[in-house]
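J.: This is the structure, below, for whatever I ask next.
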Amino acid sequence: MPRMGGWELAERLLSLRPEVKVLYLSGYSEYSAAHRAAKYRPGTLLEKPFLMNMLAQKVREILEKPN
């Protein structure tokens, strides 16, 4: 996205609809924006590289988690 990162979009959506479930994906260092954003919602960060079964497991975990 040319004008904002995914984490910023997620934060904007969450401010409007706090019930939205978000999974942050990051390939950057521990100081990345995704890490900072995900610290407010533990368990919502999946770091690259990952296997497709890991992605599926994390999505399932987040969808089953109560808000």
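Chain labels follow the order of the structure tokens: the first chain is A, the next B, and so on; residue numbering restarts at 1 in every chain, and ligands are counted from 1 in their shown order.
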I'd like the neighbourhood of A:Pro49 as a list in words, where a residue qualifies if any of its atoms comes within 12 Å (using only C-alpha atoms), though same-chain residues fewer than 5 positions away should be ignored.
T.: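 Counting only the stated atoms, we get Leu25, Ser26, Gly27, Tyr28, Met54 and Leu55 of chain A.
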J.: What residues in chain A get the DSSP label helix (DSSP H, G or I)? Please answer as a ChimeraX atom specification.
T.: /A:6-16,33-38,52-64
J.: Rounded to one decimal place, report the atom CA of A:Lys65-atom CA of A:Gly5 distance in Å.
T.: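 Between atom CA of A:Lys65 and atom CA of A:Gly5 the gap is 24.8 Å.
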J.: For atom CA of A:Arg17 and atom CA of A:Glu47, determine how far apart the two atoms are, in Å to one decimal place.
T.: 24.7 Å
J.: Expressed in Å to a single decimal, how great is the separation between atom CA of A:Glu19 and atom CA of A:Ala56?
T.: 20.4 Å
J.: Hey, what's within 9 Å of A:Lys58 if we count only C-alpha atoms and toss same-chain stuff fewer than 4 positions away? As a PyMOL selection string, please?
T.: chain A and resi 23+43-46+53-54+62-63
J.: Once you have the residues from the selection above, write them out as an mmCIF file, in the first residue's frame, restricted to N, CA and C atoms.
T.:
data_model
loop_
_atom_site.group_PDB
_atom_site.id
_atom_site.type_symbol
_atom_site.label_atom_id
_atom_site.label_comp_id
_atom_site.auth_asym_id
_atom_site.auth_seq_id
_atom_site.Cartn_x
_atom_site.Cartn_y
_atom_site.Cartn_z
ATOM 1 N N LEU A 23 -4.245 -10.217 12.256
ATOM 2 C CA LEU A 23 -3.010 -10.996 12.316
ATOM 3 C C LEU A 23 -1.938 -10.180 11.622
ATOM 4 N N GLY A 43 -0.218 -12.416 20.811
ATOM 5 C CA GLY A 43 -0.547 -13.596 20.037
ATOM 6 C C GLY A 43 -1.024 -13.307 18.633
ATOM 7 N N THR A 44 -0.888 -12.062 18.182
ATOM 8 C CA THR A 44 -1.389 -11.708 16.862
ATOM 9 C C THR A 44 -0.277 -11.456 15.849
ATOM 10 N N LEU A 45 0.939 -11.857 16.161
ATOM 11 C CA LEU A 45 2.064 -11.628 15.260
ATOM 12 C C LEU A 45 2.608 -12.958 14.776
ATOM 13 N N LEU A 46 2.780 -13.085 13.466
ATOM 14 C CA LEU A 46 3.407 -14.252 12.860
ATOM 15 C C LEU A 46 4.598 -13.734 12.078
ATOM 16 N N ASN A 53 1.041 -24.158 6.840
ATOM 17 C CA ASN A 53 0.299 -24.766 7.954
ATOM 18 C C ASN A 53 0.420 -23.925 9.221
ATOM 19 N N MET A 54 1.537 -23.211 9.386
ATOM 20 C CA MET A 54 1.683 -22.313 10.536
ATOM 21 C C MET A 54 0.720 -21.133 10.406
ATOM 22 N N ILE A 62 -6.621 -17.317 16.161
ATOM 23 C CA ILE A 62 -7.147 -15.966 16.345
ATOM 24 C C ILE A 62 -8.665 -15.929 16.166
ATOM 25 N N LEU A 63 -9.168 -16.650 15.180
ATOM 26 C CA LEU A 63 -10.622 -16.663 14.969
ATOM 27 C C LEU A 63 -11.371 -17.310 16.126
#
